[in-house]
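S.K.: Sending over target.tsv (TSV, C-alpha atoms).
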```
chain	number	residue	atom	x	y	z
A	201	MET	CA	23.48	47.77	-1.53
A	202	ILE	CA	23.54	44.23	-2.87
A	203	ALA	CA	23.22	41.00	-0.88
A	204	LYS	CA	23.55	37.35	-1.89
A	205	ALA	CA	22.76	34.24	0.13
A	206	LYS	CA	22.94	30.52	-0.52
A	207	ALA	CA	22.87	27.31	1.54
A	208	ILE	CA	26.01	25.25	0.83
A	209	SER	CA	27.47	21.86	1.76
A	210	HIS	CA	31.17	22.87	1.65
A	211	GLY	CA	31.13	25.01	4.77
A	212	ILE	CA	34.76	24.46	5.76
A	213	ASN	CA	36.00	25.59	2.34
A	214	ASP	CA	33.86	28.69	2.53
A	215	LEU	CA	35.18	29.49	6.01
A	216	ARG	CA	38.77	29.16	4.83
A	217	TYR	CA	37.99	31.51	1.96
A	218	ILE	CA	36.29	34.24	3.97
A	219	ILE	CA	38.88	34.13	6.78
A	220	GLY	CA	41.76	34.28	4.30
A	221	GLU	CA	43.27	30.86	4.93
A	222	SER	CA	42.47	29.67	1.41
A	223	LYS	CA	45.25	29.65	-1.18
A	224	HIS	CA	42.87	31.54	-3.47
A	225	LYS	CA	43.16	34.66	-1.29
A	226	LYS	CA	46.26	36.57	-2.39
A	227	HIS	CA	45.98	39.30	0.24
A	228	PRO	CA	44.83	37.82	3.58
A	229	GLU	CA	46.30	40.89	5.28
A	230	LYS	CA	43.38	42.88	3.84
A	231	ILE	CA	40.75	40.65	5.51
A	232	TYR	CA	39.43	41.58	8.96
A	233	ARG	CA	37.23	39.82	11.53
A	234	VAL	CA	34.08	41.84	12.10
A	235	LEU	CA	32.22	39.77	14.68
A	236	ASP	CA	31.32	36.23	15.77
A	237	ASN	CA	27.99	35.12	17.18
A	238	LEU	CA	27.63	32.39	19.83
A	239	LEU	CA	31.23	31.27	19.15
A	240	PRO	CA	34.37	31.22	21.29
A	241	SER	CA	36.61	34.19	20.51
A	242	GLU	CA	39.38	34.26	17.89
A	243	LEU	CA	38.76	30.82	16.36
A	244	ASP	CA	40.33	29.90	13.03
A	245	ALA	CA	38.33	28.34	10.16
A	246	MET	CA	38.59	24.78	11.53
A	247	GLY	CA	37.66	25.94	15.02
A	248	ILE	CA	34.52	27.69	13.76
A	249	TRP	CA	33.63	24.68	11.62
A	250	ASN	CA	34.04	22.27	14.56
A	251	SER	CA	31.85	24.48	16.75
A	252	MET	CA	29.12	24.49	14.10
A	253	GLN	CA	29.46	20.71	13.71
A	254	LEU	CA	28.85	20.35	17.43
A	255	THR	CA	25.50	22.10	17.03
A	256	LEU	CA	24.65	20.13	13.88
A	257	SER	CA	25.52	16.76	15.44
A	258	GLN	CA	23.02	17.23	18.25
A	259	HIS	CA	20.11	17.28	15.82
A	260	ARG	CA	19.05	15.59	12.61
A	261	PRO	CA	21.58	15.50	9.74
A	262	ILE	CA	21.36	18.26	7.14
A	263	LYS	CA	23.23	18.34	3.83
A	264	ASN	CA	23.61	22.06	3.15
A	265	SER	CA	24.69	22.93	6.66
A	266	VAL	CA	26.02	26.48	6.16
A	267	ILE	CA	24.47	29.65	4.76
A	268	ARG	CA	26.93	31.75	2.77
A	269	ILE	CA	26.09	35.47	2.72
A	270	GLU	CA	27.76	38.36	0.88
A	271	LEU	CA	26.84	41.96	1.63
A	272	SER	CA	28.15	44.67	-0.73
A	273	PRO	CA	27.23	48.30	0.01
A	274	SER	CA	28.28	51.05	-2.37
A	275	PRO	CA	31.81	52.29	-1.55
A	276	GLU	CA	30.69	55.91	-1.20
A	277	HIS	CA	28.45	54.89	1.70
A	278	THR	CA	31.18	53.09	3.64
A	279	ARG	CA	34.17	55.33	2.89
A	280	PHE	CA	34.65	56.31	6.54
A	281	PHE	CA	33.46	53.09	8.18
A	282	ASP	CA	35.36	51.55	11.08
A	283	ILE	CA	34.83	48.02	12.41
A	284	GLU	CA	32.01	49.15	14.70
A	285	ASP	CA	30.17	50.62	11.71
A	286	TRP	CA	30.53	47.34	9.81
A	287	GLN	CA	29.26	45.46	12.88
A	288	LYS	CA	26.19	47.69	13.04
A	289	LEU	CA	25.57	47.25	9.29
A	290	TRP	CA	25.68	43.46	9.62
A	291	GLN	CA	23.41	43.47	12.68
A	292	ASP	CA	20.86	45.66	10.87
A	293	PHE	CA	20.98	43.33	7.87
A	294	ALA	CA	20.65	40.17	10.00
A	295	GLU	CA	17.65	41.67	11.78
A	296	GLU	CA	15.90	42.42	8.48
A	297	PHE	CA	16.93	39.01	7.11
A	298	ASP	CA	15.23	37.27	10.03
A	299	LYS	CA	12.05	39.31	9.58
A	300	GLN	CA	11.42	38.23	5.99
A	301	MET	CA	8.56	35.81	5.36
A	302	ILE	CA	8.26	34.60	1.75
A	303	THR	CA	4.75	33.79	0.49
A	304	GLY	CA	3.62	32.25	-2.79
A	305	LYS	CA	1.08	33.58	-5.27
A	306	ASP	CA	-1.58	31.61	-3.43
A	307	GLY	CA	-0.78	33.48	-0.22
A	308	LYS	CA	0.68	30.43	1.51
A	309	VAL	CA	3.96	30.78	3.42
A	310	ARG	CA	6.86	29.31	1.43
A	311	SER	CA	9.64	30.38	3.77
A	312	CYS	CA	9.08	31.28	7.40
A	313	PRO	CA	11.30	33.77	9.30
A	314	THR	CA	14.85	32.64	10.08
A	315	ASN	CA	16.84	32.99	13.29
A	316	LEU	CA	20.32	34.22	12.45
A	317	ALA	CA	20.38	35.98	15.82
A	318	GLY	CA	20.15	32.60	17.56
A	319	SER	CA	22.61	30.84	15.24
A	320	LYS	CA	26.39	30.55	15.19
A	321	TYR	CA	28.03	32.73	12.56
A	322	SER	CA	31.24	34.50	11.69
A	323	VAL	CA	31.44	37.76	9.69
A	324	TRP	CA	34.55	39.08	7.94
A	325	LEU	CA	35.39	42.25	6.01
A	326	HIS	CA	37.17	41.89	2.65
A	327	THR	CA	38.98	44.92	1.22
A	328	GLU	CA	41.16	43.17	-1.36
A	329	SER	CA	38.75	42.96	-4.33
A	330	LYS	CA	39.88	44.20	-7.77
A	331	GLY	CA	37.70	47.25	-7.54
A	332	GLU	CA	38.80	47.94	-3.95
A	333	VAL	CA	35.16	47.77	-2.87
A	334	PRO	CA	34.90	46.67	0.80
A	335	HIS	CA	32.25	44.02	1.41
A	336	LEU	CA	31.20	41.51	4.07
A	337	HIS	CA	31.30	37.71	3.95
A	338	ALA	CA	29.47	35.61	6.52
A	339	ALA	CA	29.12	31.90	7.24
A	340	VAL	CA	26.00	31.00	9.25
A	341	CYS	CA	25.08	27.63	10.73
A	342	ARG	CA	21.84	26.30	9.18
A	343	LEU	CA	20.60	25.12	12.58
A	344	ASP	CA	20.07	27.61	15.35
A	345	GLU	CA	20.98	26.73	18.92
A	346	ASN	CA	17.46	25.35	19.50
A	347	GLY	CA	17.79	22.87	16.65
A	348	ASN	CA	15.48	24.76	14.26
A	349	ILE	CA	16.42	24.94	10.59
A	350	ASN	CA	17.04	28.34	9.01
A	351	ASN	CA	14.85	27.99	5.93
A	352	ASP	CA	16.73	28.40	2.65
A	353	HIS	CA	13.74	28.46	0.29
A	354	ASN	CA	14.08	31.62	-1.87
A	355	ILE	CA	16.97	32.62	0.37
A	356	HIS	CA	18.41	34.85	-2.36
A	357	LEU	CA	15.16	36.82	-2.37
A	358	ARG	CA	15.26	37.07	1.42
A	359	ALA	CA	18.77	38.56	1.22
A	360	GLN	CA	17.80	41.04	-1.50
A	361	ARG	CA	14.77	42.25	0.42
A	362	ALA	CA	16.76	42.63	3.62
A	363	ALA	CA	19.44	44.66	1.84
A	364	GLU	CA	16.78	46.89	0.28
A	365	GLN	CA	15.21	47.56	3.68
A	366	VAL	CA	18.55	48.44	5.29
A	367	ALA	CA	19.46	50.74	2.41
A	368	LYS	CA	16.10	52.52	2.58
A	369	LYS	CA	16.36	53.05	6.35
A	370	ARG	CA	19.84	54.54	5.93
A	371	GLY	CA	18.83	56.69	2.96
A	372	TRP	CA	21.20	54.84	0.64
A	373	THR	CA	20.71	54.13	-3.03
A	374	THR	CA	19.11	50.70	-3.36
A	375	ALA	CA	20.04	48.02	-5.87
A	376	ALA	CA	16.69	48.53	-7.61
A	377	GLN	CA	17.35	52.26	-7.97
A	378	ILE	CA	20.82	51.58	-9.36
A	379	ARG	CA	19.37	49.09	-11.84
A	380	ASN	CA	16.61	51.48	-12.93
A	381	HIS	CA	19.10	54.28	-13.39
A	382	ASN	CA	21.49	52.11	-15.40
A	383	ILE	CA	18.95	50.33	-17.64
A	384	PRO	CA	18.92	53.06	-20.34
A	385	GLN	CA	22.73	52.94	-20.61
A	386	VAL	CA	22.75	49.12	-20.77
A	387	ASN	CA	20.15	49.24	-23.55
A	388	LYS	CA	22.22	51.85	-25.37
A	389	ASP	CA	25.38	49.72	-25.08
A	390	CYS	CA	23.60	46.64	-26.45
A	391	MET	CA	22.16	48.57	-29.39
A	392	GLU	CA	25.55	50.13	-30.17
A	393	VAL	CA	27.08	46.67	-30.31
A	394	LEU	CA	24.36	45.43	-32.65
A	395	ARG	CA	24.74	48.48	-34.83
A	396	ALA	CA	28.50	47.96	-35.16
A	397	MET	CA	28.22	44.28	-36.18
A	398	PRO	CA	28.41	43.71	-39.96
A	399	LEU	CA	26.91	40.23	-39.48
A	400	TRP	CA	24.86	38.73	-36.68
A	401	LEU	CA	27.10	36.45	-34.61
A	402	TRP	CA	26.43	35.60	-30.98
A	403	ASP	CA	30.13	35.30	-30.08
A	404	GLU	CA	30.88	38.70	-31.60
A	405	TYR	CA	27.97	40.25	-29.68
A	406	LYS	CA	29.16	38.67	-26.45
A	407	ASN	CA	32.80	39.72	-26.94
A	408	ALA	CA	31.86	43.29	-27.81
A	409	LEU	CA	29.81	43.57	-24.60
A	410	ALA	CA	32.76	42.18	-22.64
A	411	GLN	CA	34.91	44.97	-24.06
A	412	LYS	CA	32.38	47.44	-22.66
A	413	GLY	CA	32.90	45.97	-19.19
A	414	TYR	CA	30.02	43.49	-19.03
A	415	THR	CA	30.24	39.87	-17.97
A	416	VAL	CA	27.91	37.75	-20.10
A	417	HIS	CA	26.33	34.75	-18.37
A	418	GLU	CA	24.89	32.23	-20.82
A	419	ARG	CA	21.97	29.95	-19.98
A	420	LYS	CA	22.00	26.72	-21.94
A	421	ASP	CA	19.73	23.68	-21.87
A	422	LYS	CA	20.86	20.08	-21.39
A	423	LYS	CA	21.67	19.80	-25.10
A	424	GLY	CA	23.95	22.83	-24.97
A	425	THR	CA	21.54	25.10	-26.86
A	426	LEU	CA	21.70	28.73	-25.78
A	427	ARG	CA	18.34	29.69	-24.29
A	428	GLY	CA	19.07	32.98	-22.56
A	429	TYR	CA	21.68	35.29	-21.15
A	430	ALA	CA	22.24	37.95	-18.52
A	431	LEU	CA	24.68	40.85	-18.23
A	432	VAL	CA	26.56	41.72	-15.05
A	433	LYS	CA	28.39	44.97	-14.43
A	434	GLU	CA	29.59	46.35	-11.11
A	435	ASN	CA	27.70	43.68	-9.14
A	436	THR	CA	24.40	44.53	-10.85
A	437	LYS	CA	22.70	41.87	-12.95
A	438	TYR	CA	20.49	42.59	-15.96
A	439	LYS	CA	18.45	39.77	-17.47
A	440	ALA	CA	17.98	39.97	-21.23
A	441	SER	CA	14.21	39.80	-20.72
A	442	GLU	CA	14.42	43.06	-18.73
A	443	LEU	CA	16.24	44.95	-21.47
A	444	GLY	CA	15.00	46.84	-24.50
A	445	VAL	CA	11.32	47.22	-25.29
A	446	GLY	CA	9.12	44.28	-26.13
A	447	ARG	CA	11.98	42.04	-24.94
A	448	ASN	CA	13.77	42.72	-28.22
A	449	LEU	CA	17.17	41.96	-26.67
A	450	MET	CA	16.30	38.40	-25.67
A	451	ILE	CA	18.38	35.70	-27.38
A	452	SER	CA	15.44	34.57	-29.51
A	453	LYS	CA	14.84	38.10	-30.81
A	454	LEU	CA	18.40	39.36	-31.20
A	455	PRO	CA	18.81	38.35	-34.89
A	456	ALA	CA	15.63	40.22	-35.79
A	457	THR	CA	16.71	43.23	-33.71
A	458	TRP	CA	20.10	43.24	-35.46
A	459	LYS	CA	18.33	43.11	-38.82
A	460	GLU	CA	16.04	45.96	-37.80
A	461	VAL	CA	18.87	48.32	-36.78
A	462	HIS	CA	20.68	47.54	-40.04
A	463	HIS	CA	17.64	48.23	-42.20
A	464	GLN	CA	18.51	50.86	-44.79
A	465	PRO	CA	15.58	53.06	-45.94
A	466	THR	CA	15.33	53.66	-49.67
A	467	ILE	CA	15.80	57.40	-49.55
A	468	ALA	CA	17.83	59.14	-52.25
A	469	LYS	CA	20.95	61.03	-51.16
A	470	SER	CA	20.53	59.89	-47.52
A	471	ASN	CA	23.93	58.20	-47.50
A	472	SER	CA	25.91	61.13	-48.83
A	473	PRO	CA	28.64	62.57	-46.54
A	474	GLN	CA	26.99	65.99	-46.66
A	475	VAL	CA	23.66	64.65	-45.35
A	476	VAL	CA	25.39	62.65	-42.60
A	477	GLN	CA	27.30	65.75	-41.48
A	478	GLN	CA	24.15	67.85	-41.45
A	479	SER	CA	22.35	65.12	-39.47
A	480	ALA	CA	25.03	65.14	-36.78
A	481	GLU	CA	24.83	68.92	-36.51
A	482	HIS	CA	21.07	68.84	-35.98
A	483	LYS	CA	21.02	65.98	-33.46
A	484	ALA	CA	19.70	67.05	-30.05
A	485	ALA	CA	21.74	66.44	-26.90
A	486	PRO	CA	20.45	63.48	-24.84
A	487	ILE	CA	18.20	64.23	-21.87
A	488	ASP	CA	18.15	62.13	-18.69
A	489	TYR	CA	14.45	61.50	-18.15
A	490	THR	CA	15.12	59.30	-15.11
A	491	GLN	CA	15.51	62.53	-13.13
A	492	TYR	CA	12.77	65.07	-12.44
A	493	LEU	CA	13.64	67.98	-14.71
A	494	THR	CA	12.87	71.60	-13.94
A	495	TYR	CA	10.82	72.45	-16.99
A	496	SER	CA	8.65	75.42	-17.80
A	497	GLN	CA	5.79	72.92	-17.97
A	498	ASP	CA	4.64	70.23	-15.54
A	499	MET	CA	6.44	66.89	-15.50
A	500	ILE	CA	4.69	63.61	-14.80
A	501	SER	CA	6.10	60.20	-13.90
A	502	TYR	CA	5.66	57.28	-16.25
A	503	THR	CA	6.56	53.69	-15.40
A	504	LEU	CA	7.61	51.09	-17.94
A	505	SER	CA	7.15	47.57	-16.56
A	506	HIS	CA	9.05	44.44	-17.57
A	507	GLU	CA	8.65	41.07	-15.75
A	508	GLY	CA	7.32	42.70	-12.62
A	509	LYS	CA	10.08	45.33	-12.42
A	510	ASP	CA	9.27	49.01	-12.85
A	511	TYR	CA	11.47	51.63	-14.53
A	512	ARG	CA	10.36	55.19	-13.82
A	513	PHE	CA	10.83	58.17	-16.09
A	514	TYR	CA	9.61	61.77	-15.94
A	515	ILE	CA	8.14	63.29	-19.11
A	516	PRO	CA	6.25	66.52	-19.87
A	517	GLU	CA	2.57	66.10	-19.00
A	518	LYS	CA	1.48	67.48	-22.37
A	519	VAL	CA	3.48	64.72	-24.09
A	520	LEU	CA	1.63	62.01	-22.18
A	521	ASP	CA	-1.66	63.76	-22.94
A	522	TYR	CA	-0.77	63.65	-26.63
A	523	PHE	CA	0.02	59.92	-26.51
A	524	ASN	CA	-3.24	59.25	-24.68
A	525	ASP	CA	-5.16	61.14	-27.35
A	526	GLU	CA	-3.26	59.52	-30.21
A	527	PHE	CA	-3.77	56.02	-28.80
A	528	ASP	CA	-7.28	56.48	-27.44
A	529	TYR	CA	-8.18	53.47	-25.28
A	530	ARG	CA	-11.81	53.68	-26.39
A	531	PHE	CA	-10.93	52.81	-29.97
A	532	ILE	CA	-7.48	51.13	-29.92
A	533	ALA	CA	-7.07	47.67	-28.39
A	534	ASN	CA	-3.28	47.84	-27.96
A	535	CYS	CA	-3.23	51.42	-26.65
A	536	GLN	CA	-1.02	50.58	-23.66
A	537	GLU	CA	1.62	48.79	-25.76
A	538	LEU	CA	1.70	51.70	-28.20
A	539	THR	CA	2.02	54.26	-25.41
A	540	ASP	CA	4.81	52.26	-23.75
A	541	MET	CA	6.70	52.07	-27.04
A	542	ALA	CA	6.25	55.77	-27.77
A	543	VAL	CA	7.43	56.76	-24.29
A	544	ALA	CA	10.41	54.40	-24.56
A	545	ILE	CA	11.45	56.10	-27.81
A	546	PHE	CA	10.80	59.57	-26.40
A	547	VAL	CA	13.06	59.08	-23.35
A	548	GLY	CA	15.78	57.33	-25.37
A	549	LEU	CA	15.30	53.87	-23.91
A	550	ILE	CA	15.47	52.53	-27.46
A	551	ASP	CA	16.58	54.14	-30.71
A	552	THR	CA	13.85	55.57	-32.90
A	553	PRO	CA	13.18	53.38	-35.96
A	554	ASN	CA	13.29	55.16	-39.32
A	555	VAL	CA	9.81	56.51	-40.07
A	556	THR	CA	9.12	57.80	-43.56
A	557	THR	CA	6.53	60.55	-43.56
A	558	GLY	CA	7.27	62.53	-46.72
A	559	GLY	CA	5.58	61.83	-50.00
A	560	GLY	CA	8.63	62.48	-52.17
A	561	GLY	CA	11.75	60.47	-52.81
A	562	GLU	CA	14.22	62.54	-50.77
A	563	GLY	CA	12.55	62.24	-47.38
A	564	SER	CA	12.72	64.85	-44.63
A	565	GLN	CA	13.96	65.37	-41.11
A	566	SER	CA	11.04	63.26	-39.94
A	567	ASP	CA	12.84	60.28	-41.44
A	568	LEU	CA	15.84	60.68	-39.12
A	569	PRO	CA	16.17	58.11	-36.27
A	570	TRP	CA	16.79	60.68	-33.53
A	571	ARG	CA	15.45	63.94	-32.12
A	572	ASP	CA	16.34	67.12	-33.97
A	573	LYS	CA	17.72	69.88	-31.75
A	574	ASP	CA	15.17	72.32	-33.20
A	575	GLU	CA	12.20	70.11	-32.29
A	576	ASN	CA	10.07	70.93	-29.28
A	577	ASP	CA	8.66	68.20	-27.05
A	578	LEU	CA	5.38	67.83	-28.94
A	579	GLN	CA	7.05	67.64	-32.35
A	580	TRP	CA	9.33	64.90	-31.06
A	581	ALA	CA	6.38	63.14	-29.40
A	582	ARG	CA	4.50	63.06	-32.72
A	583	ARG	CA	7.40	61.29	-34.44
A	584	CYS	CA	7.69	58.87	-31.52
A	585	ALA	CA	4.00	58.05	-31.85
A	586	ARG	CA	4.35	57.46	-35.60
A	587	ALA	CA	7.37	55.21	-34.98
A	588	ALA	CA	5.45	53.20	-32.39
A	589	SER	CA	2.52	52.82	-34.77
A	590	ARG	CA	4.82	51.59	-37.54
A	591	LEU	CA	6.42	49.04	-35.22
A	592	LEU	CA	3.30	47.66	-33.51
A	593	GLY	CA	0.39	48.74	-35.69
A	594	LYS	CA	-2.84	50.17	-34.32
A	595	LYS	CA	-5.35	47.44	-33.56
A	596	PRO	CA	-8.91	48.80	-33.52
A	597	LYS	CA	-11.29	47.53	-30.90
A	598	THR	CA	-13.93	45.21	-32.33
A	599	GLY	CA	-17.63	45.53	-31.71
A	600	LEU	CA	-17.66	49.33	-31.59
A	601	LYS	CA	-20.99	50.90	-32.45
A	602	ARG	CA	-21.50	54.35	-33.74
```
What do you get writing this file as C-alpha cells?
M.R.:
Amino acid sequence: MIAKAKAISHGINDLRYIIGESKHKKHPEKIYRVLDNLLPSELDAMGIWNSMQLTLSQHRPIKNSVIRIELSPSPEHTRFFDIEDWQKLWQDFAEEFDKQMITGKDGKVRSCPTNLAGSKYSVWLHTESKGEVPHLHAAVCRLDENGNINNDHNIHLRAQRAAEQVAKKRGWTTAAQIRNHNIPQVNKDCMEVLRAMPLWLWDEYKNALAQKGYTVHERKDKKGTLRGYALVKENTKYKASELGVGRNLMISKLPATWKEVHHQPTIAKSNSPQVVQQSAEHKAAPIDYTQYLTYSQDMISYTLSHEGKDYRFYIPEKVLDYFNDEFDYRFIANCQELTDMAVAIFVGLIDTPNVTTGGGGEGSQSDLPWRDKDENDLQWARRCARAASRLLGKKPKTGLKR
C-alpha cells in the first residue's frame, strides 16, 4: 500500500478534484463519498471549504491550510471492498498517521503527532483511474478544532510509515516489499536499455525506459543541468541512487556504465554465429533469489544496502562461506564491498562483467558474462568472486605483521 501527503494552499481546487466537480475529472460517476469528519452531511466542495475556513478564521492565519492525502492499496487486497471496508481502511490509516512522531538524527522531535481525528476532513473513493485501481483521496483541515496545527514537517514520511503499519497489521504486501521484489527487474530493464544503445544519449535512454512502462522524472539544477533522475512504475518510485551496484545507474555514472557493457573482449572467434548459438544453449535459467528456495543445502539471507534501504536475497550458505573465505576481512580492507558485488552478480542483480581466466587466445566458458547451466553454485560463485575482484580490486590491509 502506498500513501502520499502534502500541505497545500489551493484547498478548494483540491476539493473540487477529489469530489469530481473539477473539469479534469472525466468520470465523476465513478467517484464515491466515503466519509466526512466533523462536517455537516452531504456538503459539496464549496460547502466543505467554507466549513474549513470557519475553523481557520477563528485562529491565526496559515498559508497551506489543507493536507492532501492519497491512499493506494493494491487492487488484489480491495477487490471485494464495500464502502464500510474503505471507511475502516481510512480510519486505520488516520489512526497510524496521528501516532507518528518524526525525530532527527540528533534525537530531537522534528514533527510531533498530528490530530486528524479532531480535524475536519472529507474522504472520497476514486475508481476511474487508467489502471482501474481504486484509491482514496482526502482533504484535511490543517487546524484541528482546538486550533492546533497539524504539523506538515516530513509529512510524506509520516504517510509512508502509516501506510506500512496498516499493511503489516492486515498482512498485506508493503510498498517496501514491492520495491525490494521489483528492484532486480528494474535493474535488468535499465541494463537492457544500455546494452541496446549504439551510442550513449540521455534522451534515447529515457525514451527506451518509457517504452518499457517507466515514467522518468528528471532532477535539474537552476541552470537546467541534469543532476539526477528517478523511475516510476505502477505507483512505485525508484531513485537512480538505489539502482544497480555501486550506484552505477546514477546520471553521473551512466556513460561509464554504458561503456562498460559495450566493452568487447579481445577473444578470437567469440563473435562467430556458432559461438553465440552455443552460448545461448548453455545459459542457465534465471533463479529468483528474493524468495527462500527449497534447496538440498541450507539457504541464508543476505542483505544489500543502498542509501539506508535494504534488499534481501537468499543464497546457499556454502556460497557465502566461499565469499567470506575469498575476501577474508583479516587481510582485505574492502572485503564488504567485494562480497556485496559478488553476491549482486550471483543473484543476477547486475550482469556479470567479462572475466578472462584462460591463458590462451580463444578463452573459455569462464569468459562468458552469465551462468552456465552446467555450473553448480560454487563454480558460479568462483566466477562471481573473480568478476568482483576485477571490478573493484582487492585492497590489502596495511600494517599487517606476520
S.K.: Which residue is closest to Asp352 of chain A? Choose from A:Ser265, A:Ala338, A:Tyr438, A:Lys368 and count only C-alpha atoms.
M.R.: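 That would be A:Ser265, the residue with the smallest distance to Asp352 of chain A.
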S.K.: In Å, how far is it from atom CA of Leu538 of chain A to atom CA of Phe523 of chain A?
M.R.: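 Distance reported for this atom pair: 8.6 Å.
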S.K.: Give the answer as one residue: which of A:Leu504, A:Ala485, A:Leu549, A:Leu578 has the shortest atom-to-atom distance to Asp521 of chain A, using only C-alpha atoms?
M.R.: A:Leu578
S.K.: Just the residues within 10 Å of Leu449 of chain A, please, counting only C-alpha atoms, with nothing from its chain fewer than 3 positions along; format it as a VMD selection string.
M.R.: chain A and resid 387 390 to 391 394 429 439 to 446 452 to 458
S.K.: Using atom CA of Ala205 of chain A and atom CA of Glu296 of chain A as the two end points, give the distance in Å to one decimal.
M.R.: 13.6 Å
S.K.: Please indicate the distance in Å from atom CA of Ala430 of chain A to atom CA of Val386 of chain A, rounded to one decimal place.
M.R.: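 Between atom CA of Ala430 of chain A and atom CA of Val386 of chain A the gap works out to 11.4 Å.
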S.K.: Could you give me, as a PyMOL selection string, the residues that have an atom at most 10 Å away from the point (24.8, 43.1, -11.6) in the coordinates of the file, using all atoms listed in the file?
M.R.: chain A and resi 202+375+378-379+414-415+430-439
